Amino acid sequence: GGALSWGKNSKIIYFSAIRAENRHFTPLNNDVYSLDITQGTITQLTDRNGPDNNPVVSPDGKSIAYLGFDDKFTNYENAQLYIMDIDGKNSRLVTQELDRSISRIAWDKRGNNVYIQYDDQGKTVLALQSVKNGKKRKFLTDKIGGQSYGRPYTSGEFAASPQGNVIITTSDPQRPADVGLLDDDEVINLTNLNDDALAHKTLARVEEIWYKSSADGKDIQGWIAYPPHFDKNKKYPVF
């Protein structure tokens, strides 16, 4: 499951899989393994009740970042960021302060931080997480959007180059996904793939709204789409 990651010497591949004999009865019990391509030997690096996925080797080749959680047989658990030594020892949870489920990770160019992607209140967020201090996390952007026309709020991606450049799939309610470059606190669109279809059209303005539940007083998030050429002095039907 998940992508493969090469070791620094390009002789070992790290991957996640369920290799137990009863694997069909333990669908969440992935572990991280190393494969020596010269010897053909496979070594198990993690072993717990719960998934360990998406191993990514650090730039110096000494550590592995991966996602997982302890399976407590509850309805839902957040996927968290873990760091361990390249041989599987000294595994530690890094994002214990984050109450969100992480979906994608990548090391920064120096290996001191890990880029993490997660969903938060209807948006997909990219942040830079310190591997030494779980409380130290820098928000980068919430402009990540998915590539699907029908579900543009899912399946967003990012990629970090060895030189430190970061690109994302960026979209908003008016546009399907484009490629964007993260430049400090700004996202610069590198493509405008749908100008031929949308540049001459006036689309609905979409606004995030919050209101209180009449049942228990809790906050509820929603969105309102205004008609094109909306005039606040006029009345419109609500659907």
# chains A, B, ... in the order shown; residues from 1 in each chain; ligands from 1
call {"tool": "select_by_dssp", "arguments": {"residues": "stretch 156-218 of chain A", "states": "helix (DSSP H, G or I)", "output": "PyMOL selection string"}}
result
chain A and resi 195-198
call {"tool": "residues_around", "arguments": {"residues": "stretch 197-209 of chain A", "least_positions_apart": "4", "cutoff": "7 Å", "atoms": "only C-alpha atoms", "output": "number ranges by chain"}}
result
A: 173-174, 221-228
call {"tool": "write_last_selection", "arguments": {"atoms": "C-alpha atoms", "output": "PDB file, in the first residue's frame"}}
result
ATOM      1  CA  PRO A 173     -15.350  26.642  -6.564  1.00  0.00           C
ATOM      2  CA  GLN A 174     -14.988  28.434  -9.916  1.00  0.00           C
ATOM      3  CA  GLN A 221     -20.410  24.851   8.540  1.00  0.00           C
ATOM      4  CA  GLY A 222     -22.017  25.523   5.189  1.00  0.00           C
ATOM      5  CA  TRP A 223     -21.604  27.299   1.885  1.00  0.00           C
ATOM      6  CA  ILE A 224     -23.860  29.622  -0.062  1.00  0.00           C
ATOM      7  CA  ALA A 225     -23.606  30.053  -3.837  1.00  0.00           C
ATOM      8  CA  TYR A 226     -24.822  33.439  -5.048  1.00  0.00           C
ATOM      9  CA  PRO A 227     -26.432  33.729  -8.498  1.00  0.00           C
ATOM     10  CA  PRO A 228     -24.251  35.334 -11.181  1.00  0.00           C
TER      11      PRO A 228
END
call {"tool": "closest_residue", "arguments": {"among": "A:Ile168, A:Ser130, A:Ala160, A:Leu45", "to": "A:Asp142", "atoms": "only C-alpha atoms"}}
result
A:Ile168
call {"tool": "residues_around", "arguments": {"residues": "stretch 109-124 of chain A", "least_positions_apart": "2", "cutoff": "7 Å", "atoms": "only C-alpha atoms", "output": "PyMOL selection string"}}
result
chain A and resi 58-59+100-107+126-131+142-145+162-164
call {"tool": "write_last_selection", "arguments": {"atoms": "N, CA and C atoms", "output": "compact mmCIF listing (two decimals), in the first residue's frame"}}
result
# COMPACT_ATOMS: atom_id res chain seq x y z
N SER A 58 14.35 9.98 4.79
CA SER A 58 14.83 11.34 4.94
C SER A 58 15.98 11.63 3.98
N PRO A 59 16.26 12.92 3.70
CA PRO A 59 17.34 13.26 2.76
C PRO A 59 18.71 12.70 3.14
N ARG A 100 -6.19 16.00 13.48
CA ARG A 100 -6.60 15.85 12.09
C ARG A 100 -5.90 14.62 11.52
N SER A 101 -6.45 14.05 10.47
CA SER A 101 -5.89 12.86 9.85
C SER A 101 -5.02 13.25 8.67
N ILE A 102 -3.74 12.86 8.70
CA ILE A 102 -2.79 13.23 7.67
C ILE A 102 -2.88 12.24 6.51
N SER A 103 -2.86 12.77 5.28
CA SER A 103 -3.02 11.91 4.11
C SER A 103 -1.75 11.78 3.27
N ARG A 104 -0.89 12.81 3.26
CA ARG A 104 0.33 12.78 2.45
C ARG A 104 1.47 13.44 3.21
N ILE A 105 2.69 12.97 2.97
CA ILE A 105 3.85 13.54 3.64
C ILE A 105 5.03 13.61 2.68
N ALA A 106 5.99 14.51 2.98
CA ALA A 106 7.25 14.60 2.24
C ALA A 106 8.24 15.37 3.12
N TRP A 107 9.50 14.97 3.09
CA TRP A 107 10.53 15.68 3.85
C TRP A 107 10.85 17.01 3.19
N LEU A 126 -1.91 22.34 3.66
CA LEU A 126 -0.52 21.91 3.64
C LEU A 126 0.22 22.67 4.74
N ALA A 127 0.93 21.93 5.58
CA ALA A 127 1.67 22.54 6.69
C ALA A 127 3.06 21.92 6.75
N LEU A 128 3.96 22.61 7.45
CA LEU A 128 5.33 22.12 7.64
C LEU A 128 5.49 21.78 9.11
N GLN A 129 5.69 20.48 9.38
CA GLN A 129 5.73 19.96 10.74
C GLN A 129 7.16 19.68 11.17
N SER A 130 7.57 20.25 12.31
CA SER A 130 8.88 19.95 12.86
C SER A 130 8.92 18.50 13.34
N VAL A 131 10.03 17.80 13.07
CA VAL A 131 10.16 16.42 13.52
C VAL A 131 10.71 16.35 14.94
N ASP A 142 -4.11 26.59 2.26
CA ASP A 142 -5.31 25.75 2.23
C ASP A 142 -5.95 25.80 0.85
N LYS A 143 -5.13 26.04 -0.16
CA LYS A 143 -5.63 26.18 -1.53
C LYS A 143 -5.54 24.87 -2.32
N ILE A 144 -5.19 23.78 -1.68
CA ILE A 144 -5.07 22.51 -2.40
C ILE A 144 -6.46 22.04 -2.82
N GLY A 145 -6.60 21.66 -4.09
CA GLY A 145 -7.87 21.17 -4.61
C GLY A 145 -7.70 19.90 -5.39
N PRO A 162 13.89 18.38 -4.25
CA PRO A 162 15.07 18.37 -3.38
C PRO A 162 15.61 19.77 -3.11
N GLN A 163 15.33 20.73 -3.99
CA GLN A 163 15.80 22.10 -3.80
C GLN A 163 14.86 22.93 -2.91
N GLY A 164 13.72 22.37 -2.55
CA GLY A 164 12.81 23.06 -1.65
C GLY A 164 11.61 23.71 -2.30
call {"tool": "select_by_dssp", "arguments": {"residues": "stretch 101-234 of chain A", "states": "strand (DSSP E)", "output": "number ranges by chain"}}
result
A: 102-107, 113-120, 123-130, 137-144, 158-160, 166-172, 175-183, 186-189, 205-212, 219-226
call {"tool": "closest_residue", "arguments": {"among": "A:Ser148, A:Asp36, A:Asn75, A:Glu97", "to": "A:Asn133", "atoms": "only C-alpha atoms"}}
result
A:Glu97
